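Enquirer: So here's protein11.cif (mmCIF, C-alpha atoms).
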```
data_protein
loop_
_atom_site.group_PDB
_atom_site.id
_atom_site.type_symbol
_atom_site.label_atom_id
_atom_site.label_comp_id
_atom_site.auth_asym_id
_atom_site.auth_seq_id
_atom_site.Cartn_x
_atom_site.Cartn_y
_atom_site.Cartn_z
ATOM 1 C CA MET E 1 182.521 40.058 177.098
ATOM 2 C CA SER E 2 184.294 42.957 178.753
ATOM 3 C CA ALA E 3 181.906 45.783 179.526
ATOM 4 C CA HIS E 4 178.665 43.865 179.855
ATOM 5 C CA ARG E 5 176.680 44.870 182.893
ATOM 6 C CA SER E 6 174.185 42.285 183.964
ATOM 7 C CA VAL E 7 170.580 43.404 183.927
ATOM 8 C CA TYR E 8 168.083 41.821 186.290
ATOM 9 C CA ARG E 9 164.342 41.741 185.873
ATOM 10 C CA LYS E 10 162.271 40.292 188.757
ATOM 11 C CA ASN E 11 165.523 38.906 190.168
ATOM 12 C CA VAL E 12 166.213 36.903 187.007
ATOM 13 C CA LYS E 13 169.268 37.727 184.973
ATOM 14 C CA VAL E 14 168.306 39.010 181.529
ATOM 15 C CA ALA E 15 170.335 37.693 178.594
ATOM 16 C CA GLU E 16 173.282 39.958 177.905
ATOM 17 C CA ARG E 17 173.308 39.612 174.167
ATOM 18 C CA LYS E 18 170.810 38.161 171.746
ATOM 19 C CA GLY E 19 169.003 35.914 174.192
ATOM 20 C CA ALA E 20 166.019 33.981 172.909
ATOM 21 C CA GLY E 21 165.420 36.277 169.930
ATOM 22 C CA GLY E 22 167.415 34.114 167.529
ATOM 23 C CA TRP E 23 165.740 30.949 168.716
ATOM 24 C CA LEU E 24 162.298 32.476 168.251
ATOM 25 C CA ALA E 25 163.191 33.868 164.828
ATOM 26 C CA GLU E 26 164.223 30.394 163.642
ATOM 27 C CA ARG E 27 160.922 28.910 164.806
ATOM 28 C CA LEU E 28 158.797 31.759 163.485
ATOM 29 C CA SER E 29 160.421 31.673 160.027
ATOM 30 C CA SER E 30 160.080 27.852 159.892
ATOM 31 C CA LEU E 31 156.428 28.014 160.841
ATOM 32 C CA VAL E 32 155.655 30.653 158.208
ATOM 33 C CA LEU E 33 157.646 28.771 155.565
ATOM 34 C CA VAL E 34 155.656 25.534 155.908
ATOM 35 C CA PRO E 35 152.559 26.797 154.012
ATOM 36 C CA LEU E 36 154.603 29.161 151.811
ATOM 37 C CA THR E 37 156.920 26.358 150.635
ATOM 38 C CA LEU E 38 153.998 24.061 149.834
ATOM 39 C CA TRP E 39 152.389 26.915 147.884
ATOM 40 C CA ALA E 40 155.696 27.589 146.062
ATOM 41 C CA LEU E 41 156.022 23.919 145.050
ATOM 42 C CA TRP E 42 152.425 23.962 143.799
ATOM 43 C CA SER E 43 153.151 27.175 141.873
ATOM 44 C CA ALA E 44 156.313 25.697 140.347
ATOM 45 C CA ALA E 45 154.230 22.806 139.038
ATOM 46 C CA MET E 46 151.657 25.261 137.658
ATOM 47 C CA ILE E 47 154.308 27.316 135.843
ATOM 48 C CA ALA E 48 156.294 24.312 134.544
ATOM 49 C CA GLY E 49 155.827 23.811 130.834
ATOM 50 C CA THR E 50 153.811 27.008 130.252
ATOM 51 C CA GLY E 51 156.714 28.896 128.636
ATOM 52 C CA TYR E 52 157.573 32.598 128.788
ATOM 53 C CA GLU E 53 154.014 33.843 128.306
ATOM 54 C CA GLY E 54 152.639 31.403 130.866
ATOM 55 C CA ALA E 55 155.164 32.526 133.471
ATOM 56 C CA LEU E 56 154.358 36.204 132.790
ATOM 57 C CA ASP E 57 150.623 35.479 133.160
ATOM 58 C CA TRP E 58 151.309 33.874 136.548
ATOM 59 C CA PHE E 59 153.115 37.003 137.780
ATOM 60 C CA VAL E 60 150.358 39.368 136.698
ATOM 61 C CA GLN E 61 148.062 37.843 139.362
ATOM 62 C CA PRO E 62 148.671 40.168 142.346
ATOM 63 C CA LEU E 63 148.237 37.399 144.940
ATOM 64 C CA ASN E 64 150.973 35.322 143.280
ATOM 65 C CA ALA E 65 153.424 38.234 143.200
ATOM 66 C CA TRP E 66 152.736 39.199 146.835
ATOM 67 C CA LEU E 67 152.996 35.629 148.101
ATOM 68 C CA LEU E 68 156.200 35.064 146.135
ATOM 69 C CA ALA E 69 157.718 38.274 147.535
ATOM 70 C CA ALA E 70 156.823 37.117 151.067
ATOM 71 C CA THR E 71 158.199 33.622 150.436
ATOM 72 C CA TRP E 72 161.369 35.106 148.980
ATOM 73 C CA LEU E 73 162.053 37.375 151.988
ATOM 74 C CA VAL E 74 161.229 34.817 154.686
ATOM 75 C CA THR E 75 163.290 32.167 152.868
ATOM 76 C CA LEU E 76 166.334 34.444 152.728
ATOM 77 C CA TRP E 77 165.905 35.384 156.389
ATOM 78 C CA HIS E 78 165.709 31.678 157.305
ATOM 79 C CA MET E 79 168.662 30.856 155.010
ATOM 80 C CA ASN E 80 170.747 33.600 156.594
ATOM 81 C CA MET E 81 170.130 32.138 160.064
ATOM 82 C CA GLY E 82 170.836 28.600 158.839
ATOM 83 C CA ILE E 83 174.160 29.472 157.218
ATOM 84 C CA THR E 84 175.102 31.487 160.313
ATOM 85 C CA VAL E 85 174.637 28.428 162.544
ATOM 86 C CA ILE E 86 176.695 26.220 160.222
ATOM 87 C CA VAL E 87 179.518 28.770 159.968
ATOM 88 C CA GLU E 88 179.566 29.272 163.752
ATOM 89 C CA ASP E 89 179.738 25.504 164.276
ATOM 90 C CA TYR E 90 182.709 24.820 162.034
ATOM 91 C CA ILE E 91 184.748 28.045 161.869
ATOM 92 C CA HIS E 92 186.595 28.939 165.040
ATOM 93 C CA LYS E 93 189.128 31.481 163.815
ATOM 94 C CA ARG E 94 187.742 34.913 164.764
ATOM 95 C CA SER E 95 188.707 36.737 161.567
ATOM 96 C CA THR E 96 187.489 33.992 159.202
ATOM 97 C CA LEU E 97 184.276 33.672 161.190
ATOM 98 C CA GLY E 98 183.554 37.391 160.938
ATOM 99 C CA LEU E 99 184.374 37.452 157.234
ATOM 100 C CA LEU E 100 182.121 34.493 156.397
ATOM 101 C CA LEU E 101 179.225 35.813 158.489
ATOM 102 C CA GLY E 102 179.556 39.172 156.725
ATOM 103 C CA LEU E 103 179.590 37.501 153.292
ATOM 104 C CA ASN E 104 176.554 35.441 154.269
ATOM 105 C CA THR E 105 174.553 38.535 155.157
ATOM 106 C CA LEU E 106 175.788 40.351 152.054
ATOM 107 C CA LEU E 107 174.698 37.401 149.868
ATOM 108 C CA CYS E 108 171.261 37.146 151.461
ATOM 109 C CA LEU E 109 170.624 40.900 151.324
ATOM 110 C CA SER E 110 171.729 41.091 147.673
ATOM 111 C CA LEU E 111 169.500 38.170 146.715
ATOM 112 C CA ALA E 112 166.585 39.783 148.576
ATOM 113 C CA VAL E 113 166.984 43.120 146.774
ATOM 114 C CA ILE E 114 167.604 41.624 143.318
ATOM 115 C CA GLY E 115 164.734 39.147 143.677
ATOM 116 C CA LEU E 116 162.295 41.828 144.818
ATOM 117 C CA LEU E 117 163.326 44.016 141.878
ATOM 118 C CA PHE E 118 162.591 41.195 139.420
ATOM 119 C CA ILE E 119 159.324 40.235 141.140
ATOM 120 C CA THR E 120 158.127 43.869 141.162
ATOM 121 C CA ARG E 121 158.895 44.370 137.486
ATOM 122 C CA LEU E 122 157.203 41.101 136.527
ATOM 123 C CA ALA E 123 154.151 41.927 138.648
ATOM 124 C CA LEU E 124 153.842 45.357 137.018
ATOM 125 C CA GLY E 125 154.306 43.897 133.546
ATOM 126 C CA SER E 126 157.373 46.088 132.861
ATOM 127 C CA ASP E 127 159.350 45.770 129.632
ATOM 128 C CA PRO E 128 162.184 43.213 129.629
ATOM 129 C CA LEU E 129 165.488 44.291 131.142
ATOM 130 C CA PRO E 130 167.891 45.947 130.453
ATOM 131 C CA ALA E 131 166.025 48.027 127.848
ATOM 132 C CA GLY E 132 163.174 48.640 130.255
ATOM 133 C CA PHE E 133 165.333 49.918 133.068
ATOM 134 C CA GLY E 134 164.044 53.445 132.580
ATOM 135 C CA VAL E 135 160.408 52.386 132.874
ATOM 136 C CA MET U 1 199.319 25.881 185.797
ATOM 137 C CA SER U 2 201.145 24.965 188.993
ATOM 138 C CA GLU U 3 199.625 21.505 189.126
ATOM 139 C CA PRO U 4 201.912 18.870 187.631
ATOM 140 C CA LEU U 5 200.728 16.970 184.607
ATOM 141 C CA SER U 6 198.560 14.176 185.835
ATOM 142 C CA GLY U 7 197.451 11.010 184.169
ATOM 143 C CA SER U 8 200.098 10.319 181.532
ATOM 144 C CA PRO U 9 199.159 7.437 179.204
ATOM 145 C CA ALA U 10 201.405 5.071 181.146
ATOM 146 C CA ASP U 11 199.353 5.643 184.307
ATOM 147 C CA GLN U 12 196.099 4.743 182.597
ATOM 148 C CA ALA U 13 194.550 1.329 182.670
ATOM 149 C CA GLY U 14 193.435 1.160 179.017
ATOM 150 C CA PRO U 15 195.392 1.187 175.765
ATOM 151 C CA PRO U 16 197.105 4.539 175.081
ATOM 152 C CA GLN U 17 195.058 5.376 171.972
ATOM 153 C CA PHE U 18 191.996 5.947 174.199
ATOM 154 C CA TYR U 19 193.709 8.901 175.886
ATOM 155 C CA THR U 20 194.397 12.308 174.387
ATOM 156 C CA PRO U 21 196.583 15.158 175.669
ATOM 157 C CA GLN U 22 194.333 18.179 176.164
ATOM 158 C CA PRO U 23 195.361 21.749 175.274
ATOM 159 C CA ASN U 24 196.214 22.346 178.945
ATOM 160 C CA GLY U 25 198.670 19.457 178.874
ATOM 161 C CA ARG U 26 196.560 16.991 180.865
ATOM 162 C CA VAL U 27 195.819 13.595 179.449
ATOM 163 C CA ARG U 28 192.152 12.700 179.361
ATOM 164 C CA PRO U 29 190.060 9.865 177.894
ATOM 165 C CA THR U 30 189.173 10.384 174.247
ATOM 166 C CA SER U 31 185.476 10.791 173.617
ATOM 167 C CA PRO U 32 183.835 8.157 171.401
ATOM 168 C CA HIS U 33 184.488 8.674 167.720
ATOM 169 C CA LEU U 34 182.100 8.525 164.792
ATOM 170 C CA GLN U 35 183.476 5.151 163.596
ATOM 171 C CA ILE U 36 182.493 3.387 166.801
ATOM 172 C CA TRP U 37 179.255 5.305 167.334
ATOM 173 C CA ARG U 38 176.171 3.173 166.809
ATOM 174 C CA TRP U 39 174.151 4.695 163.984
ATOM 175 C CA HIS U 40 170.626 5.694 164.825
ATOM 176 C CA VAL U 41 168.018 7.307 162.642
ATOM 177 C CA THR U 42 167.809 10.643 164.483
ATOM 178 C CA MET U 43 171.523 11.097 163.786
ATOM 179 C CA LEU U 44 170.900 10.550 160.065
ATOM 180 C CA GLY U 45 167.920 12.911 160.245
ATOM 181 C CA SER U 46 169.991 15.646 161.841
ATOM 182 C CA ILE U 47 172.865 15.327 159.354
ATOM 183 C CA LEU U 48 170.447 15.297 156.416
ATOM 184 C CA HIS U 49 168.664 18.377 157.757
ATOM 185 C CA ARG U 50 171.909 20.325 157.598
ATOM 186 C CA ILE U 51 173.002 18.932 154.217
ATOM 187 C CA THR U 52 169.620 19.574 152.589
ATOM 188 C CA GLY U 53 169.492 23.065 154.095
ATOM 189 C CA SER U 54 172.863 23.879 152.545
ATOM 190 C CA GLY U 55 171.782 22.445 149.206
ATOM 191 C CA LEU U 56 168.587 24.487 149.247
ATOM 192 C CA ALA U 57 170.666 27.662 149.621
ATOM 193 C CA GLY U 58 172.057 26.775 146.184
ATOM 194 C CA GLY U 59 168.481 26.264 145.015
ATOM 195 C CA VAL U 60 167.636 29.801 146.143
ATOM 196 C CA VAL U 61 170.369 31.118 143.821
ATOM 197 C CA LEU U 62 168.877 29.077 140.952
ATOM 198 C CA VAL U 63 165.429 30.564 141.638
ATOM 199 C CA ALA U 64 167.004 34.044 141.555
ATOM 200 C CA LEU U 65 168.462 33.145 138.139
ATOM 201 C CA TRP U 66 164.999 32.007 136.990
ATOM 202 C CA LEU U 67 163.464 35.322 138.107
ATOM 203 C CA GLY U 68 166.268 37.195 136.356
ATOM 204 C CA ALA U 69 165.869 35.211 133.131
ATOM 205 C CA LEU U 70 162.149 35.966 133.112
ATOM 206 C CA ALA U 71 162.732 39.663 133.801
ATOM 207 C CA PHE U 72 165.338 39.870 131.014
ATOM 208 C CA GLY U 73 162.881 38.749 128.350
ATOM 209 C CA PRO U 74 162.035 35.827 126.044
ATOM 210 C CA GLU U 75 165.551 34.984 124.785
ATOM 211 C CA ALA U 76 167.065 34.882 128.254
ATOM 212 C CA TYR U 77 164.107 32.837 129.476
ATOM 213 C CA GLU U 78 164.447 30.372 126.618
ATOM 214 C CA THR U 79 168.122 29.862 127.460
ATOM 215 C CA PHE U 80 167.269 29.280 131.112
ATOM 216 C CA VAL U 81 164.418 26.845 130.390
ATOM 217 C CA GLY U 82 166.654 25.004 127.908
ATOM 218 C CA LEU U 83 169.226 24.405 130.633
ATOM 219 C CA ALA U 84 166.710 23.812 133.427
ATOM 220 C CA GLY U 85 164.724 21.368 131.307
ATOM 221 C CA SER U 86 167.743 19.384 130.084
ATOM 222 C CA PRO U 87 168.294 15.942 131.637
ATOM 223 C CA LEU U 88 171.054 17.334 133.855
ATOM 224 C CA GLY U 89 168.878 20.284 134.826
ATOM 225 C CA LEU U 90 165.989 17.985 135.720
ATOM 226 C CA ILE U 91 168.299 15.910 137.924
ATOM 227 C CA VAL U 92 169.247 19.111 139.774
ATOM 228 C CA TRP U 93 165.566 20.109 140.252
ATOM 229 C CA PHE U 94 164.720 16.574 141.325
ATOM 230 C CA ALA U 95 167.475 16.630 143.944
ATOM 231 C CA LEU U 96 166.365 20.085 145.101
ATOM 232 C CA SER U 97 162.752 18.968 145.444
ATOM 233 C CA LEU U 98 163.855 15.927 147.454
ATOM 234 C CA ALA U 99 165.966 18.200 149.654
ATOM 235 C CA GLY U 100 163.040 20.609 149.935
ATOM 236 C CA PHE U 101 160.499 17.969 150.939
ATOM 237 C CA TYR U 102 162.946 16.497 153.448
ATOM 238 C CA HIS U 103 163.953 19.839 154.990
ATOM 239 C CA LEU U 104 160.280 20.834 155.186
ATOM 240 C CA ALA U 105 159.202 17.618 156.912
ATOM 241 C CA SER U 106 162.261 17.604 159.135
ATOM 242 C CA GLY U 107 161.569 21.214 160.083
ATOM 243 C CA VAL U 108 158.011 20.288 161.103
ATOM 244 C CA ARG U 109 159.561 17.430 163.123
ATOM 245 C CA HIS U 110 161.702 19.983 164.959
ATOM 246 C CA LEU U 111 158.669 22.205 165.568
ATOM 247 C CA ILE U 112 156.840 19.213 167.067
ATOM 248 C CA TRP U 113 159.841 18.507 169.302
ATOM 249 C CA ASP U 114 159.880 22.174 170.330
ATOM 250 C CA THR U 115 156.435 21.729 171.875
ATOM 251 C CA GLY U 116 157.944 18.988 174.058
ATOM 252 C CA ALA U 117 156.174 16.161 172.233
ATOM 253 C CA GLY U 118 157.826 13.092 170.715
ATOM 254 C CA LEU U 119 161.079 13.407 172.626
ATOM 255 C CA SER U 120 161.374 9.846 173.944
ATOM 256 C CA PRO U 121 164.081 7.803 172.141
ATOM 257 C CA LYS U 122 161.429 5.669 170.484
ATOM 258 C CA GLY U 123 159.153 8.594 169.629
ATOM 259 C CA ALA U 124 162.019 10.619 168.181
ATOM 260 C CA SER U 125 163.137 7.700 166.003
ATOM 261 C CA THR U 126 159.614 7.045 164.754
ATOM 262 C CA LEU U 127 159.080 10.688 163.903
ATOM 263 C CA THR U 128 162.391 10.789 162.008
ATOM 264 C CA THR U 129 161.581 7.630 160.037
ATOM 265 C CA ILE U 130 158.215 9.139 159.073
ATOM 266 C CA THR U 131 160.048 12.274 157.908
ATOM 267 C CA LEU U 132 162.424 10.273 155.699
ATOM 268 C CA VAL U 133 159.644 8.178 154.160
ATOM 269 C CA PHE U 134 157.490 11.270 153.573
ATOM 270 C CA ALA U 135 160.320 13.041 151.725
ATOM 271 C CA VAL U 136 160.821 10.149 149.301
ATOM 272 C CA VAL U 137 157.110 9.497 148.739
ATOM 273 C CA ALA U 138 156.244 13.197 148.311
ATOM 274 C CA THR U 139 159.100 13.740 145.840
ATOM 275 C CA LEU U 140 158.168 10.726 143.731
ATOM 276 C CA THR U 141 154.485 11.741 143.773
ATOM 277 C CA PHE U 142 155.356 15.311 142.795
ATOM 278 C CA TRP U 143 157.461 14.211 139.828
ATOM 279 C CA GLY U 144 155.038 11.490 138.855
ATOM 280 C CA TRP U 145 152.360 14.194 138.641
ATOM 281 C CA LEU U 146 154.643 16.543 136.655
ATOM 282 C CA PHE U 147 155.441 13.857 134.085
ATOM 283 C CA ALA U 148 151.957 12.325 133.954
ATOM 284 C CA SER U 149 150.313 15.696 133.312
ATOM 285 C CA GLY U 150 152.877 16.499 130.606
ATOM 286 C CA LYS U 151 154.107 19.645 132.439
ATOM 287 C CA VAL U 152 157.626 18.212 132.283
ATOM 288 C CA THR U 153 158.918 16.016 129.486
ATOM 289 C CA LEU U 154 162.270 14.432 128.860
#
```
Take the structure I supplied and represent it as structure tokens, if you would.

Expert:
Amino acid sequence: MSAHRSVYRKNVKVAERKGAGGWLAERLSSLVLVPLTLWALWSAAMIAGTGYEGALDWFVQPLNAWLLAATWLVTLWHMNMGITVIVEDYIHKRSTLGLLLGLNTLLCLSLAVIGLLFITRLALGSDPLPAGFGV
Amino acid sequence: MSEPLSGSPADQAGPPQFYTPQPNGRVRPTSPHLQIWRWHVTMLGSILHRITGSGLAGGVVLVALWLGALAFGPEAYETFVGLAGSPLGLIVWFALSLAGFYHLASGVRHLIWDTGAGLSPKGASTLTTITLVFAVVATLTFWGWLFASGKVTL
């Protein structure tokens, strides 16, 4: 707000901060999530009722593990943007706003890392945690 | 702030409850409130989009727990499936699938609007009604299939 110098390109003022990037990211993630969500619902139905062994068998298929990893990351990216919009709409106190937005990103990043760790181990057929941590 | 306060409630033609002092001290007409707003389906669609989105964030945490239970071995997985497959657990998954189907369809609705199509009042309402009906029908079909094929039992 203070030291922003306006940048012009072809006589049109270029956005000073995030511009259209956020808008595009919301649309792009939504678009990608349409087929991925339908696939995830189908997969959930395939895994339901097959027990521990059935779920492990599903993960050993490389395509399943890769698609799930992609779904997981895009979902968390989309979720992070969604929660951000809600927080920005209802929280007006600067300090609370910053804190909640930070927690949101921390939550999404942690879920992304933890989820990918689990997915990787299941895809590789690693021994159950925590005993298999050294594998 | 040199200008004197203008438009005190007494000066206004309408009843005083329709006027609100603004932060700058001026008195201005109050904007219409939710209680007197005529409900329309796009309003419901918008509110539901936000509510279901928030609920699905909770669903993401549950999926993380499922992945963790599976990665921690058979006993952990059995505990998770026991809870997830209990009547209460199934109600939670049912609600999440309804939220998921709605948020998905509603998201597609927004993508259609983003192309500039379906933005007339009538078109927007029709599209929203389709979204709501799809969510209910898809959820019931999904669960009907799960129960009929014996993948899920009570």

Enquirer: Write out as a list in words which residues come within 9 Å of stretch 67-81 of chain U when counting only C-alpha atoms, dropping same-chain ones fewer than 3 positions away.

Expert: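 The filter keeps Gly51, Tyr52, Glu53, Ala55, Leu56, Ile114, Gly115, Phe118, Ile119, Arg121, Leu122, Ser126, Asp127, Pro128, Leu129, Pro130 and Ala131 of chain E; Leu62, Val63, Ala64, Ala84, Gly85 and Ser86 of chain U.
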
Enquirer: Excluding same-chain residues fewer than 6 positions from stretch 102-117 of chain U, what lies within 9 Å of it counting only C-alpha atoms, as a PyMOL selection string?

Expert: (chain E and resi 27+30-31+33-34+37-38) or (chain U and resi 45-46+48-50+52-53+56+123-124+127-128+130-136+139)

Enquirer: What does the PyMOL selection byres ((chain E and resi 80) around 12) select in this file, as a PyMOL selection string?

Expert: (chain E and resi 22+25-26+29+73-79+81-87+100-112) or (chain U and resi 53-54+56-57+60)

Enquirer: Identify which of the residues E:Thr120, E:Thr50, E:Ser6, E:Ser43 lies closest to E:Ala65, counting all atoms listed in the file when measuring atom-to-atom distances.

Expert: E:Thr120

Enquirer: Atom CA of U:Pro121 and atom CA of U:Ile36 are how many Å apart?

Expert: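 For atom CA of U:Pro121 relative to atom CA of U:Ile36, the distance reads 19.7 Å.
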
Enquirer: List, as a PyMOL selection string, every residue that the PyMOL selection byres ((chain E and resi 44) around 12) selects in the file provided.

Expert: (chain E and resi 37-43+45-50+54-55+58+64+68) or (chain U and resi 63+66+93+97+142-143+146+151-152)

Enquirer: To one decimal in Å, tell me the separation between atom CA of U:Val41 and atom CA of U:Lys122.

Expert: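 The value is 10.4 Å.
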
Enquirer: Out of E:Leu63, E:His92, E:Val32, E:Lys10, which residue has the shortest atom-to-atom distance to chain U when counting all atoms listed in the file?

Expert: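 Result for the nearest residue to chain U: E:Val32.
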
Enquirer: Grab all the atoms of stretch 81-87 of chain E that the file lists, wrap them in a box along x, y and z, add 6 Å per side, and give me centre plus edge lengths in Å (one decimal) as lines of an AutoDock Vina configuration file.

Expert:
```
center_x = 174.8
center_y = 29.2
center_z = 159.9
size_x = 21.4
size_y = 17.9
size_z = 17.3
```

Enquirer: How far is it from atom CA of U:Gly100 to atom CA of E:Leu36, in Å with one decimal?

Expert: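 These two atoms are separated by 12.2 Å.
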
Enquirer: Smallest atom-to-atom distance to chain E: which of U:Leu88, U:Ala138, U:Val61, U:Leu83, using all atoms listed in the file?

Expert: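 Closest candidate: U:Val61.
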